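File shown here: work-v8.txt, holding compact mmCIF, C-alpha atoms and all ligand atoms.
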# COMPACT_ATOMS: atom_id res chain seq x y z
CA MET A 292 -1.94 -22.35 18.31
CA VAL A 293 -1.01 -18.75 17.65
CA ALA A 294 1.83 -18.29 15.16
CA PRO A 295 4.92 -16.73 16.69
CA SER A 296 5.52 -13.07 16.03
CA GLU A 297 6.09 -12.47 12.33
CA ASP A 298 8.97 -10.08 12.92
CA ALA A 299 12.31 -10.29 11.20
CA ALA A 300 13.90 -12.07 14.15
CA SER A 301 11.44 -14.97 14.06
CA THR A 302 12.26 -18.09 12.16
CA GLY A 303 9.67 -19.88 10.10
CA ILE A 304 7.76 -19.35 6.89
CA PHE A 305 4.91 -16.90 7.34
CA LEU A 306 2.15 -17.45 4.82
CA ALA A 307 -0.75 -16.21 6.93
CA SER A 308 -1.30 -12.50 6.32
CA ASN A 309 -1.05 -11.90 2.57
CA GLU A 310 1.98 -9.65 2.85
CA SER A 311 4.48 -9.48 0.01
CA VAL A 312 7.20 -12.04 0.36
CA TYR A 313 9.37 -9.84 -1.90
CA GLY A 314 9.25 -6.91 0.50
CA PRO A 315 9.87 -3.36 -0.66
CA GLY A 316 12.20 -2.80 -3.60
CA GLN A 317 15.66 -1.32 -3.24
CA MET A 318 14.45 2.17 -4.17
CA ALA A 319 11.84 2.20 -1.39
CA GLN A 320 14.29 0.80 1.15
CA GLU A 321 16.86 3.47 0.34
CA ALA A 322 14.20 6.19 0.53
CA ILE A 323 13.22 5.00 4.02
CA MET A 324 16.86 5.16 5.15
CA ARG A 325 17.31 8.64 3.72
CA SER A 326 14.13 9.85 5.42
CA ALA A 327 15.60 9.02 8.84
CA SER A 328 17.42 12.35 8.97
CA THR A 329 14.20 14.38 8.69
CA VAL A 330 11.80 12.58 11.02
CA GLU A 331 11.94 15.38 13.60
CA ARG A 332 9.47 17.23 11.34
CA TYR A 333 5.76 16.59 10.86
CA PRO A 334 5.01 15.30 7.37
CA ASP A 335 3.23 18.58 6.70
CA ASP A 336 2.19 18.10 3.09
CA GLY A 337 2.53 14.29 3.14
CA VAL A 338 -1.03 13.47 2.13
CA ALA A 339 -1.05 15.97 -0.74
CA ARG A 340 2.38 14.88 -1.97
CA LEU A 341 1.43 11.22 -1.93
CA ALA A 342 -1.90 11.91 -3.64
CA ALA A 343 0.01 13.79 -6.35
CA ALA A 344 2.45 10.89 -6.84
CA ILE A 345 -0.41 8.37 -7.02
CA GLY A 346 -2.21 10.65 -9.45
CA VAL A 347 0.81 10.77 -11.75
CA ARG A 348 1.37 7.02 -11.63
CA TYR A 349 -2.24 6.07 -12.33
CA GLY A 350 -3.44 9.06 -14.34
CA ILE A 351 -5.92 10.23 -11.69
CA ASP A 352 -6.81 13.76 -10.60
CA SER A 353 -5.21 14.05 -7.14
CA GLU A 354 -8.28 15.93 -5.88
CA THR A 355 -10.12 12.61 -6.07
CA ILE A 356 -7.55 10.81 -3.88
CA CYS A 357 -7.37 10.61 -0.10
CA CYS A 358 -4.45 8.86 1.63
CA GLY A 359 -4.65 7.18 4.98
CA PHE A 360 -3.19 4.84 7.56
CA GLY A 361 -3.69 1.68 5.51
CA SER A 362 -6.80 1.10 3.44
CA ASP A 363 -8.37 -0.11 6.69
CA ASP A 364 -8.34 3.51 7.89
CA LEU A 365 -10.15 4.66 4.74
CA LEU A 366 -12.76 1.90 4.86
CA ALA A 367 -13.40 2.78 8.51
CA ARG A 368 -13.65 6.50 7.65
CA LEU A 369 -16.14 5.77 4.86
CA ALA A 370 -18.30 3.83 7.29
CA ARG A 371 -18.02 6.56 9.94
CA ALA A 372 -18.95 9.27 7.47
CA TYR A 373 -21.86 7.53 5.77
CA LEU A 374 -23.42 5.13 8.30
CA SER A 375 -25.82 6.33 10.98
CA PRO A 376 -27.21 4.02 13.67
CA GLY A 377 -29.64 1.58 12.10
CA ASP A 378 -28.36 2.09 8.57
CA GLU A 379 -27.48 -1.02 6.61
CA LEU A 380 -24.22 -2.03 4.98
CA ILE A 381 -24.44 -4.96 2.54
CA HIS A 382 -21.48 -7.30 2.22
CA SER A 383 -20.88 -10.65 0.58
CA ALA A 384 -21.36 -13.60 2.94
CA HIS A 385 -17.90 -15.12 2.47
CA GLY A 386 -16.23 -11.83 1.62
CA TYR A 387 -13.57 -9.90 3.54
CA PRO A 388 -14.41 -10.71 7.17
CA LYS A 389 -13.51 -7.24 8.42
CA ILE A 390 -16.37 -5.57 6.53
CA PRO A 391 -19.21 -6.29 9.02
CA ASN A 392 -17.09 -4.65 11.73
CA TYR A 393 -17.21 -1.33 9.88
CA ALA A 394 -20.99 -1.44 10.33
CA TYR A 395 -20.90 -2.59 13.97
CA ALA A 396 -18.46 0.20 14.86
CA ASN A 397 -21.10 2.73 13.82
CA ASP A 398 -24.16 1.02 15.33
CA ALA A 399 -25.20 0.16 11.79
CA VAL A 400 -26.39 -3.23 10.59
CA PRO A 401 -24.23 -5.51 8.42
CA VAL A 402 -26.42 -7.39 5.95
CA SER A 403 -24.90 -10.56 4.57
CA ALA A 404 -25.74 -11.35 0.93
CA ALA A 405 -25.47 -15.00 -0.08
CA ASP A 406 -22.67 -15.73 -2.54
CA GLN A 407 -22.04 -18.32 -5.25
CA ASP A 408 -19.36 -20.61 -3.93
CA PHE A 409 -17.33 -17.77 -2.39
CA THR A 410 -17.91 -15.34 -5.27
CA ALA A 411 -20.07 -12.27 -4.63
CA ASP A 412 -23.54 -12.62 -6.19
CA VAL A 413 -24.91 -9.40 -7.69
CA ASP A 414 -28.53 -10.56 -7.69
CA ALA A 415 -28.35 -11.66 -4.05
CA ILE A 416 -26.84 -8.29 -3.12
CA LEU A 417 -29.58 -6.43 -4.96
CA GLN A 418 -32.22 -8.47 -3.14
CA CYS A 419 -30.78 -7.26 0.17
CA VAL A 420 -31.23 -3.58 -0.66
CA THR A 421 -33.77 -1.78 1.54
CA GLU A 422 -34.59 1.84 2.33
CA ARG A 423 -31.93 1.71 5.07
CA THR A 424 -29.10 0.58 2.78
CA ARG A 425 -26.34 3.20 2.70
CA ILE A 426 -23.27 1.24 1.64
CA VAL A 427 -22.52 -1.86 -0.42
CA MET A 428 -18.94 -2.83 0.40
CA LEU A 429 -17.13 -5.56 -1.51
CA ALA A 430 -13.51 -6.60 -1.76
CA ASN A 431 -12.73 -7.27 -5.40
CA PRO A 432 -10.76 -9.50 -5.65
CA ASP A 433 -11.96 -10.91 -2.38
CA ASN A 434 -10.20 -12.21 0.68
CA PRO A 435 -10.06 -15.02 1.91
CA ALA A 436 -11.32 -16.74 -1.26
CA GLY A 437 -9.27 -14.91 -3.92
CA SER A 438 -12.37 -14.82 -6.13
CA TYR A 439 -13.44 -11.78 -8.17
CA LEU A 440 -16.36 -10.09 -9.89
CA SER A 441 -15.98 -9.19 -13.57
CA GLY A 442 -16.21 -5.58 -14.66
CA GLY A 443 -19.55 -6.33 -16.29
CA GLU A 444 -20.98 -7.65 -13.03
CA VAL A 445 -19.70 -4.66 -11.04
CA ARG A 446 -21.26 -2.32 -13.60
CA ARG A 447 -24.53 -4.28 -13.48
CA LEU A 448 -24.56 -3.97 -9.69
CA HIS A 449 -23.83 -0.27 -9.82
CA GLY A 450 -26.47 0.31 -12.48
CA ARG A 451 -29.18 -1.11 -10.22
CA LEU A 452 -28.18 0.78 -7.06
CA SER A 453 -29.72 4.15 -6.32
CA PRO A 454 -27.19 7.02 -6.34
CA GLU A 455 -27.75 7.49 -2.59
CA ILE A 456 -26.07 4.15 -1.93
CA LEU A 457 -22.29 4.22 -1.86
CA LEU A 458 -20.61 1.33 -3.69
CA VAL A 459 -17.25 0.77 -2.02
CA LEU A 460 -14.83 -1.45 -3.91
CA ASP A 461 -11.93 -2.54 -1.73
CA SER A 462 -9.28 -3.20 -4.36
CA ALA A 463 -6.38 -4.24 -2.11
CA TYR A 464 -5.34 -7.05 -4.48
CA THR A 465 -6.14 -5.44 -7.82
CA GLU A 466 -2.52 -5.43 -9.02
CA TYR A 467 -2.41 -9.24 -8.92
CA VAL A 468 -5.42 -9.80 -11.17
CA SER A 469 -4.83 -11.58 -14.46
CA ALA A 470 -8.47 -12.23 -15.44
CA THR A 471 -9.16 -10.33 -18.65
CA ASP A 472 -12.78 -9.52 -17.75
CA TYR A 473 -11.78 -7.75 -14.52
CA GLU A 474 -12.03 -3.96 -14.78
CA ASN A 475 -10.21 -1.32 -12.80
CA PRO A 476 -13.07 0.67 -11.19
CA LEU A 477 -11.57 4.02 -12.25
CA ALA A 478 -13.83 4.44 -15.26
CA LEU A 479 -16.89 3.75 -13.12
CA ILE A 480 -15.67 6.23 -10.48
CA LYS A 481 -15.20 8.92 -13.12
CA SER A 482 -18.64 8.42 -14.62
CA SER A 483 -20.64 8.25 -11.37
CA THR A 484 -21.22 10.02 -8.07
CA ASN A 485 -21.37 7.05 -5.71
CA VAL A 486 -18.41 4.72 -6.33
CA VAL A 487 -15.27 4.67 -4.17
CA MET A 488 -12.24 2.43 -4.58
CA THR A 489 -9.70 1.75 -1.85
CA ARG A 490 -6.14 0.65 -2.55
CA THR A 491 -3.13 -0.26 -0.46
CA PHE A 492 0.64 -0.15 -0.33
CA SER A 493 0.55 -3.23 1.94
CA LYS A 494 0.44 -5.91 -0.74
CA VAL A 495 2.22 -5.64 -4.09
CA PHE A 496 4.42 -2.75 -2.91
CA GLY A 497 5.58 -4.70 0.14
CA LEU A 498 5.04 -1.86 2.63
CA ALA A 499 2.46 -3.36 5.02
CA GLY A 500 4.49 -2.31 8.06
CA LEU A 501 4.33 1.36 7.10
CA ARG A 502 0.49 1.36 6.94
CA VAL A 503 -0.45 3.32 3.84
CA GLY A 504 -3.59 3.10 1.75
CA TRP A 505 -5.62 5.43 -0.42
CA ALA A 506 -9.13 5.96 -1.65
CA CYS A 507 -10.33 7.36 -4.94
CA GLY A 508 -13.85 8.62 -5.43
CA PRO A 509 -16.08 11.62 -6.05
CA GLU A 510 -14.49 14.87 -4.82
CA GLU A 511 -17.27 15.42 -2.30
CA VAL A 512 -16.68 12.01 -0.69
CA ILE A 513 -12.91 12.47 -0.74
CA ASP A 514 -13.25 15.88 0.86
CA THR A 515 -15.31 14.32 3.67
CA LEU A 516 -12.76 11.55 4.17
CA ARG A 517 -9.96 14.10 4.45
CA ARG A 518 -11.83 16.16 7.02
CA ILE A 519 -12.42 13.24 9.40
CA GLY A 520 -8.94 11.72 9.21
CA ILE A 521 -6.26 12.02 11.85
CA THR A 522 -3.67 14.77 11.45
CA PHE A 523 -0.68 13.65 9.36
CA PRO A 524 -1.70 10.00 8.72
CA ILE A 525 1.27 9.42 6.39
CA SER A 526 4.57 9.38 8.27
CA VAL A 527 7.79 10.81 6.84
CA PRO A 528 9.34 7.35 6.10
CA ALA A 529 6.01 6.12 4.71
CA LEU A 530 5.78 9.03 2.30
CA ALA A 531 9.37 8.53 1.15
CA ALA A 532 8.87 4.80 0.66
CA CYS A 533 5.59 5.12 -1.22
CA GLU A 534 6.89 7.81 -3.57
CA ALA A 535 9.90 5.63 -4.39
CA ALA A 536 7.80 2.46 -4.70
CA LEU A 537 5.49 4.13 -7.22
CA GLU A 538 8.51 4.94 -9.38
CA ASP A 539 10.13 1.52 -9.11
CA ARG A 540 8.42 -0.16 -12.07
CA ASP A 541 10.99 -2.97 -12.23
CA HIS A 542 10.27 -4.17 -8.71
CA PHE A 543 6.53 -3.93 -9.32
CA GLU A 544 6.73 -5.98 -12.54
CA ARG A 545 8.95 -8.59 -10.91
CA VAL A 546 6.57 -9.05 -7.96
CA VAL A 547 3.50 -9.31 -10.18
CA GLY A 548 5.24 -11.72 -12.58
CA GLU A 549 6.57 -13.97 -9.84
CA ASN A 550 3.21 -13.99 -8.09
CA HIS A 551 1.44 -15.15 -11.27
CA ARG A 552 4.01 -17.87 -11.91
CA ILE A 553 3.96 -19.20 -8.36
CA ARG A 554 0.17 -18.92 -8.06
CA GLU A 555 -0.19 -21.17 -11.09
CA MET A 556 2.50 -23.60 -9.98
CA PHE A 557 1.14 -23.91 -6.43
CA SER A 558 -2.52 -24.17 -7.50
CA ASP A 559 -1.62 -26.92 -9.97
CA ALA A 560 0.41 -28.77 -7.34
CA LEU A 561 -2.48 -28.67 -4.85
CA LYS A 562 -4.86 -29.94 -7.51
CA SER A 563 -2.54 -32.76 -8.49
CA LEU A 564 -2.54 -33.85 -4.82
CA GLY A 565 -6.32 -34.11 -5.13
CA PHE A 566 -7.20 -30.92 -3.20
CA GLU A 567 -9.81 -28.42 -4.31
CA VAL A 568 -8.47 -24.95 -5.07
CA ILE A 569 -10.61 -21.83 -5.32
CA PRO A 570 -9.27 -20.03 -8.42
CA SER A 571 -7.31 -17.03 -7.16
CA GLN A 572 -6.70 -13.55 -8.58
CA THR A 573 -4.60 -12.51 -5.59
CA ASN A 574 -1.34 -13.24 -3.78
CA PHE A 575 -2.88 -16.13 -1.85
CA VAL A 576 -4.65 -19.38 -2.58
CA LEU A 577 -7.54 -20.91 -0.65
CA ALA A 578 -7.62 -24.71 -0.58
CA ARG A 579 -10.78 -26.54 0.40
CA PHE A 580 -10.65 -29.99 1.95
CA ALA A 581 -13.26 -32.69 2.29
CA GLU A 582 -13.74 -32.24 6.05
CA PRO A 583 -12.86 -29.59 8.66
CA ASP A 584 -10.69 -32.23 10.38
CA GLN A 585 -8.55 -32.55 7.29
CA ALA A 586 -8.06 -28.76 7.16
CA VAL A 587 -7.03 -28.84 10.83
CA ARG A 588 -4.55 -31.66 10.16
CA VAL A 589 -3.05 -29.87 7.15
CA HIS A 590 -2.74 -26.63 9.10
CA GLN A 591 -1.15 -28.40 12.06
CA SER A 592 1.29 -30.44 10.00
CA LEU A 593 2.45 -27.27 8.23
CA GLU A 594 2.83 -25.55 11.60
CA ALA A 595 4.86 -28.50 12.91
CA ASN A 596 7.22 -27.72 10.03
CA ASP A 597 7.38 -24.02 10.96
CA ILE A 598 5.08 -23.01 8.09
CA TYR A 599 2.30 -20.68 9.23
CA THR A 600 -0.83 -20.51 7.09
CA ARG A 601 -4.34 -19.22 7.91
CA ARG A 602 -7.28 -21.34 8.91
CA PHE A 603 -10.66 -19.79 9.60
CA ALA A 604 -13.04 -21.01 12.26
CA GLY A 605 -16.61 -21.76 11.45
CA GLY A 606 -18.99 -22.17 8.55
CA GLU A 607 -17.86 -23.05 5.07
CA PHE A 608 -14.34 -21.82 5.82
CA ALA A 609 -13.85 -24.49 8.49
CA ARG A 610 -12.61 -26.91 5.84
CA CYS A 611 -10.30 -24.40 4.18
CA VAL A 612 -6.69 -23.33 4.58
CA ARG A 613 -5.42 -20.11 3.03
CA PHE A 614 -1.85 -19.98 1.78
CA THR A 615 -0.26 -16.60 1.16
CA LEU A 616 2.02 -17.10 -1.83
CA GLY A 617 5.64 -17.13 -0.74
CA THR A 618 8.75 -17.80 -2.78
CA GLU A 619 8.92 -20.83 -5.03
CA GLU A 620 11.10 -22.57 -2.45
CA GLU A 621 8.61 -21.85 0.35
CA MET A 622 5.68 -23.11 -1.67
CA LEU A 623 7.58 -26.27 -2.65
CA GLY A 624 8.18 -26.71 1.09
CA CYS A 625 4.42 -26.58 1.67
CA ILE A 626 3.81 -29.09 -1.08
CA ALA A 627 6.39 -31.48 0.38
CA VAL A 628 4.60 -31.37 3.76
CA LEU A 629 1.23 -31.95 2.08
CA GLU A 630 2.64 -34.84 0.03
CA ASN A 631 3.96 -36.49 3.17
CA GLY A 632 0.58 -36.03 4.81
CA CYS A 633 -1.12 -37.67 1.82
CA LYS A 634 1.26 -40.63 2.02
CA ALA A 635 0.72 -40.91 5.79
CA ASN A 636 -3.03 -41.02 5.19
CA GLY A 637 -2.56 -43.85 2.74
C1 LIG B 1 -9.44 -7.27 1.23
C2 LIG B 1 -8.57 -6.46 2.14
N1 LIG B 1 -8.84 -5.18 2.32
C3 LIG B 1 -8.10 -4.40 3.11
C4 LIG B 1 -7.02 -4.92 3.79
C5 LIG B 1 -6.26 -4.00 4.71
O1 LIG B 1 -5.15 -3.49 4.08
P1 LIG B 1 -4.31 -2.31 4.70
O2 LIG B 1 -3.00 -2.92 5.11
O3 LIG B 1 -4.16 -1.34 3.57
O4 LIG B 1 -5.05 -1.71 5.85
C6 LIG B 1 -6.68 -6.26 3.65
C7 LIG B 1 -5.54 -6.83 4.37
O5 LIG B 1 -5.23 -7.97 4.35
C8 LIG B 1 -7.48 -7.05 2.80
O6 LIG B 1 -7.24 -8.36 2.63
Encoded form using structure tokens:
Amino acid sequence: MVAPSEDAASTGIFLASNESVYGPGQMAQEAIMRSASTVERYPDDGVARLAAAIGVRYGIDSETICCGFGSDDLLARLARAYLSPGDELIHSAHGYPKIPNYAYANDAVPVSAADQDFTADVDAILQCVTERTRIVMLANPDNPAGSYLSGGEVRRLHGRLSPEILLVLDSAYTEYVSATDYENPLALIKSSTNVVMTRTFSKVFGLAGLRVGWACGPEEVIDTLRRIGITFPISVPALAACEAALEDRDHFERVVGENHRIREMFSDALKSLGFEVIPSQTNFVLARFAEPDQAVRVHQSLEANDIYTRRFAGGEFARCVRFTLGTEEEMLGCIAVLENGCKANG
């Protein structure tokens, strides 16, 4: 069954798309409202202004930043710019499912590298490299598993790739990471010529509906990405919201803190019900059940209670359900449904 529309008018608890349950902060909301009086104008310098604001917030040279219509736009642009027909893009087998599409869209070949129980495997990726490899694209942390590669492993991977191969690190969930051996790819970007990171305003900043993402990489790559983008990809309200969101440190800290607390609480609760949990560094948790049928039953019983989670068809994911982390109350609601299901199953 398809979940009903996840718009504000719908009732139900929507834990299917890894959006932020906390939404945008007050500062971003007010900025959007204020922007309404100037939307008759094109956002002429929107991309440059947003790149400058991102640069200030993260200490990055804005010349190495390109903004776009969600990070999806930037990942697609990278593939369009660097993949010719027949070229190969390596991705992790149970990684972000969208990645193979970036290859298909350019008549290139997605090459699936085996992983280690849903975590990208550097050696397996390296074994997939051929003369046709142009891009290695990984989400770190990954979706749907929530797993991650340590900084040391990312550096090891990069160190063994030829400089002609672009290493694209989709870092959509980076703000949620608590693992101490995870490394922000910025240092690697600064010290190399072939690493690009993509980021998004859709997750921790709660602005998925405005569609804003950015990429950071070598100036030459960023210049190419800018040239092939659409005109004015960042709308006037989007620019206003993102600038305000970058300044609103309180909202950011609250979202990250709550996410950590609820991630731990919910993961522990699932485990105490006897379910397997893939350790998550994101704003969602993937639970793995004994059989696909059990995953279907869990998904359906949640849906019968107006709670919409994500189940994936096929392969190893067939026995998994992914829960975007909602509020504490919403997650306790999930646990209550699961508890009842456990009791019903004896
Ligand atoms: C790993 C990953 N990358 C990229 C995206 C796309 O994000 P955006 O909204 O910035 O296009 C998502 C969205 O869920 C994601 O999970």
From the set A:Phe557, A:Phe580, A:Phe603, A:Phe360, which residue has the shortest atom-to-atom contact distance to ligand LIG 1 (chain B), counting only C-alpha atoms and all ligand atoms?
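Between A:Phe557, A:Phe580, A:Phe603, A:Phe360, the residue approaching ligand LIG 1 (chain B) most closely is A:Phe360.
In terms of minimum interatomic distance to Asp461 in chain A, A:Asp364 ranks closest within A:Asp408, A:Glu379, A:Glu534, A:Asp364, counting all atoms listed in the file.
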Measuring atom to atom with all atoms listed in the file, identify which of A:Gly316, A:Gly504, A:Pro570, A:Gly337 is nearest to ligand LIG 1 (chain B).
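Nearest to ligand LIG 1 (chain B): A:Gly504.
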Could you list, as a list in words, all protein and nucleic acid residues with an atom at most 7 Å from ligand LIG 1 (chain B), counting only C-alpha atoms and all ligand atoms?
Ser308, Asn309, Gly361, Ser362, Asp363, Asp364, Tyr387, Ala430, Asp433, Asn434, Asp461, Ser462, Ala463, Arg490, Thr491, Phe492, Ser493, Ala499, Arg502, Val503 and Gly504 of chain A
So how many Å separate CA of Ala532 in chain A and CA of Met318 in chain A, to one decimal?
7.8 Å
Mind checking which residues fall within 9 Å of Leu365 in chain A, counting only C-alpha atoms, ignoring those fewer than 5 positions away in the same chain, and posting them as a list of chain:residue names?
A:Cys357, A:Cys358, A:Gly359, A:Phe360, A:Ala370, A:Thr489, A:Gly504, A:Trp505, A:Ala506, A:Leu516, A:Gly520
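Proximity ranking of A:Asn397, A:Thr515, A:Ser571, A:Ser592 relative to Ile356 in chain A places A:Thr515 first, based on only C-alpha atoms.
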Which residue, A:Leu577, A:Arg540, A:Ser558, A:Glu582, has the smallest gap to Ile626 in chain A when you use only C-alpha atoms?
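Among the listed residues, A:Ser558 lies closest to Ile626 in chain A.
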Name all residues at most 12 Å from Pro435 in chain A (count all atoms listed in the file; drop same-chain ones fewer than 2 positions away) and give them as number ranges by chain.
A: 307-309, 383-389, 409-410, 430-433, 437-439, 464, 569-579, 600-603, 607-608, 611-615
Using all atoms of range 363-377 of chain A that appear in the file, construct an axis-aligned enclosing box with 4 Å of padding on every side and provide its centre coordinates and edge lengths in Å, rounded to one decimal, as JSON.
{"center_x": -19.0, "center_y": 4.6, "center_z": 9.2, "size_x": 29.3, "size_y": 17.4, "size_z": 16.9}
So, with only C-alpha atoms as the atoms that count, which of A:Ala396, A:Gly450, A:Leu561, A:Ser328 lies closest to Leu623 in chain A?
A:Leu561
Need to verify the contact set: Leu448 in chain A, 9 Å, only C-alpha atoms, exclusion of same-chain residues closer than 4 positions in sequence. Can you return it as an NGL selection string?
:A and (413-414 or 416-417 or 443-444 or 452 or 458)
d(CA of Tyr349 in chain A, CA of Ala470 in chain A) in Å
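About the pair CA of Tyr349 in chain A and CA of Ala470 in chain A: they are 19.6 Å apart.
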Grab the CA of Tyr473 in chain A to CA of Arg371 in chain A distance for me, in Å with one decimal place.
29.0 Å
So which residues touch Asp472 in chain A within 9 Å, counting only C-alpha atoms, skipping near sequence neighbours fewer than 3 positions away, as number ranges by chain?
A: 440-443, 469
Could you give me, as number ranges by chain, the residues within 9 Å of Pro454 in chain A, counting all atoms listed in the file and dropping anything in the same chain fewer than 6 positions from it?
A: 483-485
